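Asks: Have a peek at input.txt (compact mmCIF, C-alpha atoms and all ligand atoms).
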```txt
# COMPACT_ATOMS: atom_id res chain seq x y z
CA MET A 732 0.00 0.00 0.00
CA GLY A 733 2.99 2.26 0.46
CA THR A 734 1.63 3.61 3.74
CA ALA A 735 3.43 1.21 6.11
CA ARG A 736 6.63 2.63 7.58
CA VAL A 737 9.56 0.36 8.27
CA VAL A 738 10.58 1.02 11.86
CA PHE A 739 13.85 -0.18 13.34
CA ASP A 740 12.95 -2.54 16.17
CA ARG A 741 15.69 -3.05 18.72
CA TRP A 742 13.65 -5.81 20.38
CA ASP A 743 13.76 -7.89 17.24
CA GLY A 744 14.89 -11.39 18.13
CA ARG A 745 13.19 -11.34 21.51
CA TYR A 746 9.65 -12.00 20.36
CA ALA A 747 8.02 -15.43 20.54
CA GLU A 748 8.63 -17.44 17.41
CA ARG A 749 4.92 -18.05 16.90
CA LEU A 750 4.35 -14.36 16.13
CA GLY A 751 6.40 -14.81 12.97
CA SER A 752 3.51 -16.69 11.38
CA VAL A 753 0.89 -14.05 12.17
CA ARG A 754 0.22 -11.72 9.25
CA SER A 755 -1.30 -8.31 9.72
CA SER A 756 -4.91 -8.13 8.54
CA ALA A 757 -5.14 -6.33 5.20
CA VAL A 758 -8.56 -5.12 6.31
CA ARG A 759 -7.12 -3.43 9.39
CA ASP A 760 -4.27 -2.01 7.32
CA LEU A 761 -6.77 -0.41 4.97
CA PHE A 762 -8.53 1.44 7.76
CA ALA A 763 -6.38 4.57 7.36
CA ALA A 764 -6.95 4.80 3.60
CA ALA A 765 -10.64 4.05 4.03
CA SER A 766 -11.11 7.00 6.36
CA ARG A 767 -10.17 9.58 3.66
CA SER A 768 -13.30 11.65 3.10
CA ASP A 769 -13.43 11.06 -0.68
CA MET A 770 -12.80 7.33 -0.36
CA ILE A 771 -15.48 4.78 -1.19
CA SER A 772 -14.73 1.77 0.92
CA PHE A 773 -15.62 -1.79 -0.02
CA ALA A 774 -12.92 -2.93 2.40
CA GLY A 775 -14.12 -3.38 5.98
CA GLY A 776 -17.20 -5.40 6.87
CA MET A 777 -18.53 -2.57 8.97
CA PRO A 778 -22.13 -2.82 10.16
CA GLU A 779 -24.35 0.17 9.42
CA VAL A 780 -24.39 1.35 13.04
CA ARG A 781 -25.82 4.72 11.94
CA GLN A 782 -29.15 2.87 11.89
CA VAL A 783 -28.87 1.70 15.49
CA PRO A 784 -31.03 4.05 17.57
CA THR A 785 -28.51 5.85 19.73
CA GLU A 786 -31.16 7.16 22.13
CA ALA A 787 -32.29 3.58 22.84
CA VAL A 788 -28.68 2.51 23.46
CA ALA A 789 -28.07 5.61 25.61
CA GLU A 790 -31.15 4.75 27.66
CA ALA A 791 -29.99 1.16 28.06
CA ALA A 792 -26.51 2.29 29.12
CA ARG A 793 -27.90 4.94 31.47
CA ASP A 794 -30.28 2.44 33.08
CA ALA A 795 -27.45 -0.07 33.37
CA ILE A 796 -25.52 2.38 35.52
CA LEU A 797 -28.42 3.97 37.40
CA HIS A 798 -30.32 0.78 38.19
CA GLU A 799 -27.67 -1.94 38.13
CA GLY A 800 -24.53 0.06 38.72
CA ALA A 801 -23.20 -2.20 41.45
CA ALA A 802 -23.15 -5.12 38.99
CA ALA A 803 -22.37 -3.17 35.83
CA LEU A 804 -19.25 -1.58 37.33
CA GLN A 805 -18.03 -4.72 39.07
CA TYR A 806 -16.12 -7.83 37.95
CA GLY A 807 -18.54 -10.54 36.84
CA SER A 808 -18.48 -14.28 36.28
CA SER A 809 -16.15 -15.58 33.54
CA ASP A 810 -18.94 -17.25 31.60
CA GLY A 811 -21.07 -14.11 31.46
CA ARG A 812 -24.11 -12.78 33.26
CA PRO A 813 -26.98 -15.27 33.62
CA GLN A 814 -29.48 -12.67 32.36
CA LEU A 815 -27.59 -12.24 29.08
CA ARG A 816 -27.07 -15.96 28.73
CA THR A 817 -30.86 -16.42 29.02
CA ILE A 818 -31.37 -13.91 26.20
CA ILE A 819 -28.81 -15.79 24.08
CA VAL A 820 -30.60 -19.10 24.76
CA GLU A 821 -33.80 -17.48 23.39
CA LEU A 822 -31.98 -16.09 20.33
CA MET A 823 -30.55 -19.52 19.61
CA ALA A 824 -33.99 -21.18 20.00
CA GLU A 825 -35.29 -18.82 17.28
CA ILE A 826 -32.79 -20.29 14.80
CA GLY A 827 -33.59 -23.87 15.79
CA VAL A 828 -30.95 -24.53 18.46
CA ARG A 829 -32.07 -25.81 21.86
CA LEU A 830 -29.53 -25.47 24.64
CA GLY A 831 -29.22 -24.71 28.33
CA ALA A 832 -27.75 -21.46 29.67
CA ASP A 833 -24.84 -23.49 31.08
CA GLU A 834 -23.86 -24.62 27.59
CA LEU A 835 -22.53 -21.24 26.54
CA VAL A 836 -20.08 -18.53 27.51
CA VAL A 837 -20.30 -14.84 26.71
CA THR A 838 -17.21 -13.65 24.85
CA ALA A 839 -15.74 -10.34 23.69
CA GLY A 840 -17.16 -10.87 20.20
CA ALA A 841 -16.86 -14.01 18.12
CA GLN A 842 -13.25 -13.00 17.57
CA GLN A 843 -12.38 -13.79 21.17
CA GLY A 844 -14.12 -17.13 20.73
CA LEU A 845 -11.79 -17.92 17.83
CA ASP A 846 -8.74 -16.99 19.84
CA LEU A 847 -9.86 -19.02 22.87
CA LEU A 848 -10.59 -22.06 20.72
CA ALA A 849 -7.19 -21.83 19.07
CA LYS A 850 -5.55 -21.54 22.49
CA THR A 851 -7.59 -24.47 23.78
CA PHE A 852 -7.01 -26.85 20.88
CA LEU A 853 -3.83 -26.07 19.00
CA ASP A 854 -0.22 -27.12 19.34
CA PRO A 855 2.40 -26.15 16.75
CA GLY A 856 2.10 -28.27 13.63
CA ASP A 857 -1.48 -29.41 14.27
CA VAL A 858 -3.63 -29.72 11.19
CA ILE A 859 -6.82 -27.68 10.96
CA ILE A 860 -9.31 -27.46 8.14
CA THR A 861 -11.00 -24.29 6.91
CA GLU A 862 -12.78 -23.14 3.82
CA GLY A 863 -10.56 -21.50 1.23
CA PRO A 864 -10.85 -18.53 1.25
CA THR A 865 -11.75 -17.96 4.89
CA TYR A 866 -12.18 -15.18 7.44
CA VAL A 867 -8.92 -13.31 7.85
CA GLY A 868 -9.47 -12.80 11.60
CA ALA A 869 -9.77 -16.56 12.06
CA LEU A 870 -6.51 -17.11 10.18
CA GLN A 871 -4.89 -14.52 12.43
CA ALA A 872 -6.26 -16.08 15.61
CA PHE A 873 -5.27 -19.59 14.54
CA SER A 874 -1.87 -18.80 13.07
CA ALA A 875 -0.56 -17.53 16.43
CA TYR A 876 -0.70 -21.17 17.53
CA GLN A 877 1.25 -22.36 14.45
CA PRO A 878 -1.10 -24.89 12.90
CA GLN A 879 -0.92 -26.25 9.40
CA VAL A 880 -4.04 -24.92 7.68
CA ILE A 881 -5.68 -26.99 4.96
CA CYS A 882 -8.16 -25.01 2.87
CA ILE A 883 -11.07 -26.75 1.19
CA PRO A 884 -12.30 -24.94 -1.93
CA MET A 885 -15.88 -23.68 -2.19
CA ASP A 886 -18.37 -23.27 -4.99
CA ASP A 887 -21.74 -21.52 -5.00
CA ASP A 888 -23.08 -24.12 -2.52
CA GLY A 889 -20.35 -23.52 0.06
CA MET A 890 -17.54 -25.84 1.08
CA ARG A 891 -16.92 -28.71 -1.38
CA VAL A 892 -17.66 -31.54 1.04
CA ASP A 893 -16.57 -34.08 -1.57
CA LEU A 894 -13.08 -32.56 -1.42
CA LEU A 895 -13.33 -32.46 2.38
CA ALA A 896 -14.05 -36.20 2.30
CA ASP A 897 -10.92 -36.77 0.17
CA GLU A 898 -8.81 -34.71 2.54
CA LEU A 899 -10.13 -36.49 5.63
CA ALA A 900 -9.52 -39.87 4.03
CA ARG A 901 -5.92 -38.81 3.45
CA LEU A 902 -5.49 -37.53 7.02
CA GLY A 903 -7.27 -40.45 8.71
CA PRO A 904 -9.31 -40.49 11.95
CA ARG A 905 -8.59 -37.52 14.23
CA GLY A 906 -6.23 -36.30 11.51
CA ALA A 907 -7.24 -32.69 12.10
CA LYS A 908 -7.81 -30.79 15.34
CA PHE A 909 -10.96 -29.12 14.02
CA ILE A 910 -12.92 -28.07 10.98
CA TYR A 911 -13.74 -24.35 10.91
CA THR A 912 -16.65 -23.21 8.76
CA ILE A 913 -18.76 -20.10 8.16
CA PRO A 914 -21.84 -21.73 6.65
CA ASN A 915 -24.01 -18.62 6.17
CA PHE A 916 -23.05 -15.88 3.68
CA GLN A 917 -19.46 -16.81 4.13
CA ASN A 918 -16.80 -14.20 4.80
CA PRO A 919 -15.31 -13.52 2.28
CA GLY A 920 -17.06 -15.82 -0.22
CA GLY A 921 -20.65 -14.70 0.31
CA VAL A 922 -21.91 -18.25 -0.36
CA THR A 923 -24.08 -20.45 1.87
CA LEU A 924 -23.58 -24.13 2.64
CA THR A 925 -26.61 -26.10 1.43
CA PRO A 926 -28.60 -28.30 3.87
CA GLU A 927 -27.38 -31.48 2.11
CA ARG A 928 -23.77 -30.41 2.44
CA ARG A 929 -24.32 -29.47 6.10
CA ARG A 930 -25.51 -32.99 6.80
CA ARG A 931 -22.59 -34.51 4.89
CA LEU A 932 -20.06 -32.31 6.68
CA LEU A 933 -21.43 -33.43 10.05
CA GLU A 934 -21.41 -37.08 8.99
CA LEU A 935 -17.77 -36.77 7.99
CA ALA A 936 -16.86 -34.97 11.20
CA ARG A 937 -18.47 -37.77 13.21
CA GLU A 938 -16.85 -40.48 11.09
CA TYR A 939 -13.37 -38.99 11.54
CA ASP A 940 -14.03 -37.78 15.09
CA ILE A 941 -13.14 -34.16 14.44
CA PRO A 942 -14.82 -31.20 16.21
CA VAL A 943 -16.62 -28.66 14.02
CA ILE A 944 -16.51 -24.92 14.73
CA GLU A 945 -19.44 -23.07 13.19
CA ASP A 946 -18.92 -19.31 12.98
CA ASP A 947 -22.25 -17.59 12.28
CA PRO A 948 -22.13 -13.80 12.50
CA TYR A 949 -24.35 -13.19 9.46
CA GLY A 950 -27.02 -15.91 9.78
CA ARG A 951 -29.79 -13.47 10.75
CA LEU A 952 -29.00 -11.14 7.86
CA ARG A 953 -30.84 -13.09 5.16
CA PHE A 954 -32.29 -11.15 2.23
CA GLU A 955 -34.06 -13.96 0.41
CA GLY A 956 -34.56 -17.73 0.45
CA GLY A 957 -35.55 -19.79 3.49
CA HIS A 958 -33.70 -20.07 6.77
CA VAL A 959 -31.16 -22.88 6.71
CA LYS A 960 -30.69 -24.63 10.03
CA PRO A 961 -27.33 -24.08 11.68
CA LEU A 962 -25.02 -27.08 12.02
CA ARG A 963 -25.48 -26.78 15.78
CA ALA A 964 -29.21 -27.44 15.32
CA LEU A 965 -28.36 -30.73 13.59
CA ASP A 966 -25.63 -31.89 15.95
CA ASP A 967 -25.20 -30.78 19.56
CA GLU A 968 -21.46 -31.49 19.50
CA VAL A 969 -20.86 -28.58 17.14
CA ILE A 970 -19.08 -25.59 18.64
CA TYR A 971 -21.04 -22.50 17.66
CA LEU A 972 -19.87 -18.88 17.67
CA GLY A 973 -22.48 -16.13 17.72
CA THR A 974 -22.15 -12.37 18.00
CA PHE A 975 -24.07 -9.22 18.81
CA SER A 976 -21.85 -7.28 16.40
CA LYS A 977 -24.14 -7.64 13.39
CA ILE A 978 -27.53 -7.70 15.12
CA PHE A 979 -26.71 -4.83 17.50
CA ALA A 980 -23.31 -3.14 17.40
CA PRO A 981 -19.67 -4.30 17.30
CA GLY A 982 -18.63 -1.51 19.65
CA LEU A 983 -19.97 -3.42 22.63
CA ARG A 984 -17.66 -6.35 21.84
CA LEU A 985 -20.14 -9.03 22.82
CA GLY A 986 -20.55 -12.50 21.40
CA TRP A 987 -20.96 -16.04 22.62
CA MET A 988 -19.75 -19.58 22.23
CA THR A 989 -21.75 -22.74 22.74
CA ALA A 990 -19.91 -26.02 23.05
CA PRO A 991 -20.17 -29.42 24.71
CA ARG A 992 -19.68 -28.91 28.45
CA PRO A 993 -16.19 -30.51 28.71
CA ILE A 994 -14.90 -28.24 25.94
CA LEU A 995 -16.55 -25.23 27.54
CA ALA A 996 -14.78 -25.98 30.83
CA LYS A 997 -11.41 -25.87 29.06
CA VAL A 998 -12.35 -22.71 27.16
CA LEU A 999 -13.32 -21.05 30.43
CA LEU A 1000 -9.86 -21.73 31.81
CA THR A 1001 -8.28 -19.97 28.84
CA LYS A 1002 -10.80 -17.17 29.11
CA GLN A 1003 -10.02 -16.52 32.75
CA ALA A 1004 -6.39 -16.09 31.80
CA ALA A 1005 -7.35 -13.80 28.93
CA ASP A 1006 -9.70 -11.37 30.63
CA LEU A 1007 -10.97 -12.69 34.02
CA CYS A 1008 -14.45 -11.80 32.78
CA GLY A 1009 -16.09 -9.81 30.01
CA SER A 1010 -17.37 -6.26 30.41
CA ALA A 1011 -20.33 -6.36 32.83
CA PHE A 1012 -21.34 -2.87 31.72
CA ALA A 1013 -21.62 -3.94 28.07
CA GLN A 1014 -23.58 -7.03 29.11
CA VAL A 1015 -26.12 -5.14 31.22
CA THR A 1016 -26.53 -2.59 28.43
CA ALA A 1017 -27.18 -5.36 25.90
CA GLU A 1018 -29.65 -7.07 28.25
CA ARG A 1019 -31.62 -3.86 28.44
CA TYR A 1020 -31.46 -3.26 24.70
CA PHE A 1021 -32.68 -6.79 23.95
CA THR A 1022 -35.53 -6.61 26.45
CA GLY A 1023 -38.57 -5.55 24.45
CA THR A 1024 -39.04 -5.73 20.72
CA ARG A 1025 -37.49 -2.60 19.25
CA TRP A 1026 -34.24 -4.35 18.35
CA ARG A 1027 -36.19 -6.61 15.97
CA LYS A 1028 -37.45 -3.64 13.98
CA VAL A 1029 -33.94 -2.20 13.90
CA LEU A 1030 -32.57 -5.52 12.65
CA GLN A 1031 -35.27 -5.74 9.97
CA GLY A 1032 -34.34 -2.21 8.86
CA LEU A 1033 -30.65 -3.12 8.77
CA THR A 1034 -31.35 -6.25 6.73
CA ARG A 1035 -33.41 -4.23 4.23
CA THR A 1036 -30.56 -1.73 3.93
CA TYR A 1037 -27.98 -4.46 3.29
CA ALA A 1038 -30.29 -6.16 0.79
CA GLU A 1039 -30.71 -2.94 -1.17
CA ARG A 1040 -26.94 -2.39 -1.20
CA ARG A 1041 -26.33 -5.97 -2.32
CA ASP A 1042 -28.76 -5.41 -5.20
CA VAL A 1043 -27.06 -2.18 -6.19
CA MET A 1044 -23.62 -3.77 -6.08
CA LEU A 1045 -24.66 -6.76 -8.19
CA GLU A 1046 -26.34 -4.47 -10.74
CA ALA A 1047 -23.25 -2.26 -10.90
CA LEU A 1048 -20.97 -5.28 -11.32
CA ASP A 1049 -23.19 -6.60 -14.12
CA GLU A 1050 -23.04 -3.21 -15.78
CA HIS A 1051 -19.39 -2.26 -15.37
CA PHE A 1052 -17.20 -5.29 -14.73
CA PRO A 1053 -15.44 -7.01 -17.63
CA PRO A 1054 -16.62 -10.37 -18.97
CA GLU A 1055 -13.40 -12.00 -17.72
CA ALA A 1056 -14.48 -11.50 -14.08
CA ARG A 1057 -16.95 -13.62 -12.15
CA TRP A 1058 -18.48 -13.02 -8.75
CA THR A 1059 -20.77 -14.59 -6.16
CA ARG A 1060 -24.41 -13.55 -5.59
CA PRO A 1061 -24.92 -13.68 -1.80
CA GLU A 1062 -28.39 -14.20 -0.33
CA GLY A 1063 -27.41 -12.32 2.81
CA GLY A 1064 -24.49 -10.96 4.82
CA PHE A 1065 -21.97 -8.36 3.75
CA PHE A 1066 -19.70 -9.63 0.99
CA VAL A 1067 -19.29 -10.35 -2.70
CA TRP A 1068 -16.22 -12.34 -3.79
CA VAL A 1069 -14.82 -11.48 -7.19
CA GLU A 1070 -12.54 -13.74 -9.16
CA LEU A 1071 -10.43 -12.22 -11.90
CA PRO A 1072 -8.42 -14.04 -14.56
CA GLU A 1073 -5.52 -15.83 -12.95
CA PHE A 1074 -2.86 -13.55 -14.36
CA LEU A 1075 -4.21 -10.46 -12.59
CA ASP A 1076 -2.96 -9.57 -9.13
CA ALA A 1077 -5.48 -7.69 -6.99
CA ASN A 1078 -2.72 -6.47 -4.65
CA ALA A 1079 -0.98 -4.79 -7.54
CA MET A 1080 -4.24 -3.00 -8.39
CA LEU A 1081 -4.97 -1.76 -4.90
CA ALA A 1082 -2.72 1.32 -4.92
CA GLU A 1083 -4.26 2.48 -8.19
CA ALA A 1084 -7.74 1.83 -6.85
CA VAL A 1085 -6.95 3.89 -3.73
CA GLU A 1086 -5.67 6.70 -5.97
CA ASN A 1087 -9.00 6.49 -7.77
CA GLY A 1088 -10.84 6.76 -4.45
CA VAL A 1089 -12.00 3.19 -3.89
CA THR A 1090 -10.73 0.40 -1.62
CA PHE A 1091 -11.31 -3.33 -1.46
CA VAL A 1092 -9.51 -6.23 0.15
CA PRO A 1093 -7.20 -8.30 -2.08
CA GLY A 1094 -8.01 -11.99 -1.96
CA ASP A 1095 -4.69 -13.44 -0.82
CA GLY A 1096 -5.27 -12.25 2.77
CA PHE A 1097 -8.04 -14.83 3.05
CA PHE A 1098 -5.71 -17.75 2.44
CA PRO A 1099 -2.83 -18.95 4.60
CA ASP A 1100 -0.59 -19.03 1.53
CA GLU A 1101 -0.22 -17.23 -1.78
CA ARG A 1102 -3.57 -18.27 -3.20
CA GLY A 1103 -6.32 -15.77 -3.96
CA CYS A 1104 -4.07 -13.11 -5.54
CA ASN A 1105 -6.46 -12.83 -8.47
CA CYS A 1106 -9.47 -12.26 -6.21
CA MET A 1107 -10.99 -9.40 -4.28
CA ARG A 1108 -13.55 -9.09 -1.51
CA LEU A 1109 -16.09 -6.32 -1.92
CA ALA A 1110 -18.13 -5.37 1.15
CA PHE A 1111 -21.47 -3.81 0.23
CA CYS A 1112 -22.62 -3.26 3.82
CA TYR A 1113 -21.37 0.26 4.50
CA ALA A 1114 -21.27 2.45 1.38
CA SER A 1115 -24.46 4.22 0.23
CA PRO A 1116 -26.14 2.99 -2.96
CA ASP A 1117 -24.82 5.99 -4.91
CA ASP A 1118 -21.31 5.38 -3.63
CA ILE A 1119 -21.57 1.70 -4.47
CA ARG A 1120 -22.46 2.53 -8.09
CA GLU A 1121 -19.63 5.05 -8.31
CA GLY A 1122 -17.13 2.81 -6.50
CA VAL A 1123 -17.80 -0.18 -8.74
CA ALA A 1124 -17.40 2.06 -11.82
CA ARG A 1125 -14.07 3.38 -10.49
CA LEU A 1126 -12.87 -0.14 -9.76
CA ALA A 1127 -13.96 -1.34 -13.18
CA SER A 1128 -11.85 1.35 -14.85
CA VAL A 1129 -8.77 0.22 -12.89
CA LEU A 1130 -9.50 -3.33 -13.95
CA GLU A 1131 -10.08 -2.35 -17.53
CA ASP A 1132 -6.61 -0.71 -17.71
CA ARG A 1133 -5.00 -3.95 -16.58
CA LEU A 1134 -7.08 -6.08 -18.86
CA GLU A 1135 -6.41 -3.94 -21.91
CA LEU A 1136 -2.71 -4.36 -21.37
CA TYR A 1137 -3.14 -8.07 -20.99
CA ARG A 1138 -5.38 -8.41 -24.02
CA ALA A 1139 -2.77 -6.56 -26.05
CA PHE A 1140 -0.11 -8.99 -24.84
CA ILE A 1141 -2.28 -11.94 -25.76
CA ALA A 1142 -3.05 -10.48 -29.20
CA ALA A 1143 0.68 -10.01 -29.78
CA GLY A 1144 1.24 -13.60 -28.73
CA ALA A 1145 3.59 -12.42 -25.98
CA ILE A 1146 1.78 -14.40 -23.28
CA SER A 1147 -0.91 -17.00 -23.08
CA GLY A 1148 -3.86 -17.11 -20.68
CA GLY A 1149 -3.37 -18.33 -17.12
CA LEU A 1150 -0.12 -16.50 -16.48
CA ARG A 1151 0.14 -14.36 -13.37
CA GLU A 1152 0.79 -10.67 -13.83
CA GLU A 1153 4.48 -9.87 -14.16
CA GLY A 1154 6.03 -8.04 -11.26
CA ALA A 1155 3.06 -8.51 -8.98
CA ALA A 1156 3.71 -8.08 -5.26
C1 LIG B 1201 -16.73 -14.73 9.99
C2 LIG B 1201 -16.49 -13.80 11.12
N1 LIG B 1201 -16.22 -14.30 12.32
C3 LIG B 1201 -15.99 -13.51 13.38
C4 LIG B 1201 -16.02 -12.14 13.25
C5 LIG B 1201 -15.72 -11.29 14.46
O1 LIG B 1201 -16.87 -10.72 14.93
P1 LIG B 1201 -16.99 -10.05 16.35
O2 LIG B 1201 -17.24 -8.61 16.13
O3 LIG B 1201 -18.14 -10.74 16.98
O4 LIG B 1201 -15.73 -10.30 17.10
C6 LIG B 1201 -16.29 -11.57 12.02
C7 LIG B 1201 -16.30 -10.11 11.86
O5 LIG B 1201 -16.43 -9.55 10.82
C8 LIG B 1201 -16.54 -12.42 10.92
O6 LIG B 1201 -16.81 -11.95 9.70
```
Take the structure in this file and express it as structure tokens.

Replies:
Amino acid sequence: MGTARVVFDRWDGRYAERLGSVRSSAVRDLFAAASRSDMISFAGGMPEVRQVPTEAVAEAARDAILHEGAAALQYGSSDGRPQLRTIIVELMAEIGVRLGADELVVTAGAQQGLDLLAKTFLDPGDVIITEGPTYVGALQAFSAYQPQVICIPMDDDGMRVDLLADELARLGPRGAKFIYTIPNFQNPGGVTLTPERRRRLLELAREYDIPVIEDDPYGRLRFEGGHVKPLRALDDEVIYLGTFSKIFAPGLRLGWMTAPRPILAKVLLTKQAADLCGSAFAQVTAERYFTGTRWRKVLQGLTRTYAERRDVMLEALDEHFPPEARWTRPEGGFFVWVELPEFLDANAMLAEAVENGVTFVPGDGFFPDERGCNCMRLAFCYASPDDIREGVARLASVLEDRLELYRAFIAAGAISGGLREEGAA
């Protein structure tokens, strides 16, 4: 990006070896560029918090302090406040999952859940299985514990469970520490795992005795099509990560993890070391916000907003993007995944895109290795419809420049299709 400064670090050589395998998140790195006032950002998956009624949150926070100050300002239990856990049990029942309040812990967002699970399960060299591409924050959380990550490709129906079966057969029983999946409106792929594939994935996990982690931040943001039951509704051994970030606000840093009780006991040990307990103030505030029905209307409004933006982005892509590109058509969530011809490098295009006032996340950040260079993730959740139209047009012109050059090379017989762009980062 050209914005990162190289700083001499006199502590180099003292850091834990495991940090060497943790890459900075491209999404986080783009934050500075994205905050320029003329910039149209398709980079961060930022919820549209401007639609969250601040007066209702202010009232909840005020009441939390005025009426439950002694609890809200105090340390709390490591697994979370019982009142909030009861609300979570009800939220889970609405999506078809029955569980007791003692089968979950409140976390500082789903992200903390990922970190705690990695800490609980992983030793250096352990094999784990994810979709490819997968959530960059999960790769970050996992890579600190030095696993070997095997990525299973996806198509429009989510993870290719036939390829998962091949991989598991190669690894053998207990050959991986866990399988990590984002079945709904996958980040970054935008695709949803079909019910048949969900059942097959669970069968395979049982057959090979491998825990499944289901990460589901976007499940309630469906624009069309019927609800698909979570994996956890089909198998009570699935570890499920939920979050208030997308149905309320990420600023509270509240999420939850459900897991079989023995696993939860281990996770709680790691959580105590991490934070003693989550923010009681945030929990009481959320309890008050989720008491009553207003939040449902707010969530419906948010979902309508995201659906409209998805429509606008898909229309703009159809109109402006070159025939060589293909992209997913998500039924919910925040993201469209674009695949460009293999020879194009999205990283090499990013600086030019930023100069043109538009950002996106290059695809290679969503893989543990060099794959995905010819891909980009476009978040439609935050920009206004007008900005989405304009941003896609700007991006298309950057793409067109690259493609023209390439087409000229092909016409001259200098290169053949499938080559990666020369000099790409
Ligand atoms: C797939 C996935 N998992 C986890 C998270 C982290 O969410 P939270 O804000 O709950 O920590 C995100 C955030 O974007 C995400 O996309």

Asks: Let me make sure I understand: among A:Ala1013, A:Cys1112, A:Cys1008, A:Leu1071, which one has the smallest atom-to-atom distance to Leu1134 (chain A) if we use only C-alpha atoms?

Replies: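 Smallest separation from Leu1134 (chain A) among the options: A:Leu1071.
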
Asks: Please tabulate, as a tab-separated table, the residues of chain A that come within 6 Å of ligand LIG 1201 (chain B), each with its closest pair of atoms and the distance in Å to one decimal, counting all atoms listed in the file and ordering rows by chain, then residue number upward.

Replies:
```
residue	atom	partner	partner_atom	distance
A:Gly776	CA	B:LIG1201	O5	5.8
A:Gly840	CA	B:LIG1201	O3	3.4
A:Ala841	CA	B:LIG1201	O3	3.7
A:Gln842	CA	B:LIG1201	O4	3.7
A:Tyr866	CA	B:LIG1201	C1	5.2
A:Asn918	CA	B:LIG1201	C1	5.2
A:Asp946	CA	B:LIG1201	N1	5.7
A:Pro948	CA	B:LIG1201	C2	5.8
A:Thr974	CA	B:LIG1201	O3	4.4
A:Ser976	CA	B:LIG1201	O2	4.8
A:Pro981	CA	B:LIG1201	O2	5.1
A:Gly986	CA	B:LIG1201	O3	5.3
```

Asks: Take the point (-5.7, -26.7, 17.9) as written in the file and pick out every residue within 12 Å of it, counting only C-alpha atoms; give the list as number ranges by chain.

Replies: A: 845-860, 872-880, 905-911, 941-944

Asks: Since we have the selection now, will you write its residues out, keeping C-alpha atoms, as a PDB file, keeping the file's coordinate frame?

Replies:
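Result written to part.pdb:
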```pdb
ATOM      1  CA  LEU A 845     -11.790 -17.920  17.830  1.00  0.00           C
ATOM      2  CA  ASP A 846      -8.740 -16.990  19.840  1.00  0.00           C
ATOM      3  CA  LEU A 847      -9.860 -19.020  22.870  1.00  0.00           C
ATOM      4  CA  LEU A 848     -10.590 -22.060  20.720  1.00  0.00           C
ATOM      5  CA  ALA A 849      -7.190 -21.830  19.070  1.00  0.00           C
ATOM      6  CA  LYS A 850      -5.550 -21.540  22.490  1.00  0.00           C
ATOM      7  CA  THR A 851      -7.590 -24.470  23.780  1.00  0.00           C
ATOM      8  CA  PHE A 852      -7.010 -26.850  20.880  1.00  0.00           C
ATOM      9  CA  LEU A 853      -3.830 -26.070  19.000  1.00  0.00           C
ATOM     10  CA  ASP A 854      -0.220 -27.120  19.340  1.00  0.00           C
ATOM     11  CA  PRO A 855       2.400 -26.150  16.750  1.00  0.00           C
ATOM     12  CA  GLY A 856       2.100 -28.270  13.630  1.00  0.00           C
ATOM     13  CA  ASP A 857      -1.480 -29.410  14.270  1.00  0.00           C
ATOM     14  CA  VAL A 858      -3.630 -29.720  11.190  1.00  0.00           C
ATOM     15  CA  ILE A 859      -6.820 -27.680  10.960  1.00  0.00           C
ATOM     16  CA  ILE A 860      -9.310 -27.460   8.140  1.00  0.00           C
ATOM     17  CA  ALA A 872      -6.260 -16.080  15.610  1.00  0.00           C
ATOM     18  CA  PHE A 873      -5.270 -19.590  14.540  1.00  0.00           C
ATOM     19  CA  SER A 874      -1.870 -18.800  13.070  1.00  0.00           C
ATOM     20  CA  ALA A 875      -0.560 -17.530  16.430  1.00  0.00           C
ATOM     21  CA  TYR A 876      -0.700 -21.170  17.530  1.00  0.00           C
ATOM     22  CA  GLN A 877       1.250 -22.360  14.450  1.00  0.00           C
ATOM     23  CA  PRO A 878      -1.100 -24.890  12.900  1.00  0.00           C
ATOM     24  CA  GLN A 879      -0.920 -26.250   9.400  1.00  0.00           C
ATOM     25  CA  VAL A 880      -4.040 -24.920   7.680  1.00  0.00           C
ATOM     26  CA  ARG A 905      -8.590 -37.520  14.230  1.00  0.00           C
ATOM     27  CA  GLY A 906      -6.230 -36.300  11.510  1.00  0.00           C
ATOM     28  CA  ALA A 907      -7.240 -32.690  12.100  1.00  0.00           C
ATOM     29  CA  LYS A 908      -7.810 -30.790  15.340  1.00  0.00           C
ATOM     30  CA  PHE A 909     -10.960 -29.120  14.020  1.00  0.00           C
ATOM     31  CA  ILE A 910     -12.920 -28.070  10.980  1.00  0.00           C
ATOM     32  CA  TYR A 911     -13.740 -24.350  10.910  1.00  0.00           C
ATOM     33  CA  ILE A 941     -13.140 -34.160  14.440  1.00  0.00           C
ATOM     34  CA  PRO A 942     -14.820 -31.200  16.210  1.00  0.00           C
ATOM     35  CA  VAL A 943     -16.620 -28.660  14.020  1.00  0.00           C
ATOM     36  CA  ILE A 944     -16.510 -24.920  14.730  1.00  0.00           C
TER      37      ILE A 944
END
```

Asks: Write out as a ChimeraX atom specification each polymer residue whose atoms come within 12 Å of region 1014-1023 of chain A, counting all atoms listed in the file; drop sequence neighbours fewer than 5 positions from it.

Replies: /A:783-808,810-819,821-822,837-840,974-976,978-987,1008-1009,1028-1030

Asks: To one decimal place in Å, what is the distance between CA of Arg1125 (chain A) and CA of Glu1055 (chain A)?

Replies: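 If I compute the distance from CA of Arg1125 (chain A) to CA of Glu1055 (chain A), I get 17.0 Å.
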
Asks: List every protein, DNA or RNA residue with an atom no more than 9 Å from (-16.7, -24.1, -1.5) in the file's coordinates, counting only C-alpha atoms, and format the result as a list in words.

Replies: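 Collected hits near the coordinates: Glu862, Gly863, Pro864, Ile883, Pro884, Met885, Asp886, Asp887, Asp888, Gly889, Met890, Arg891, Val892, Gly920, Val922, Thr923 and Leu924 of chain A.
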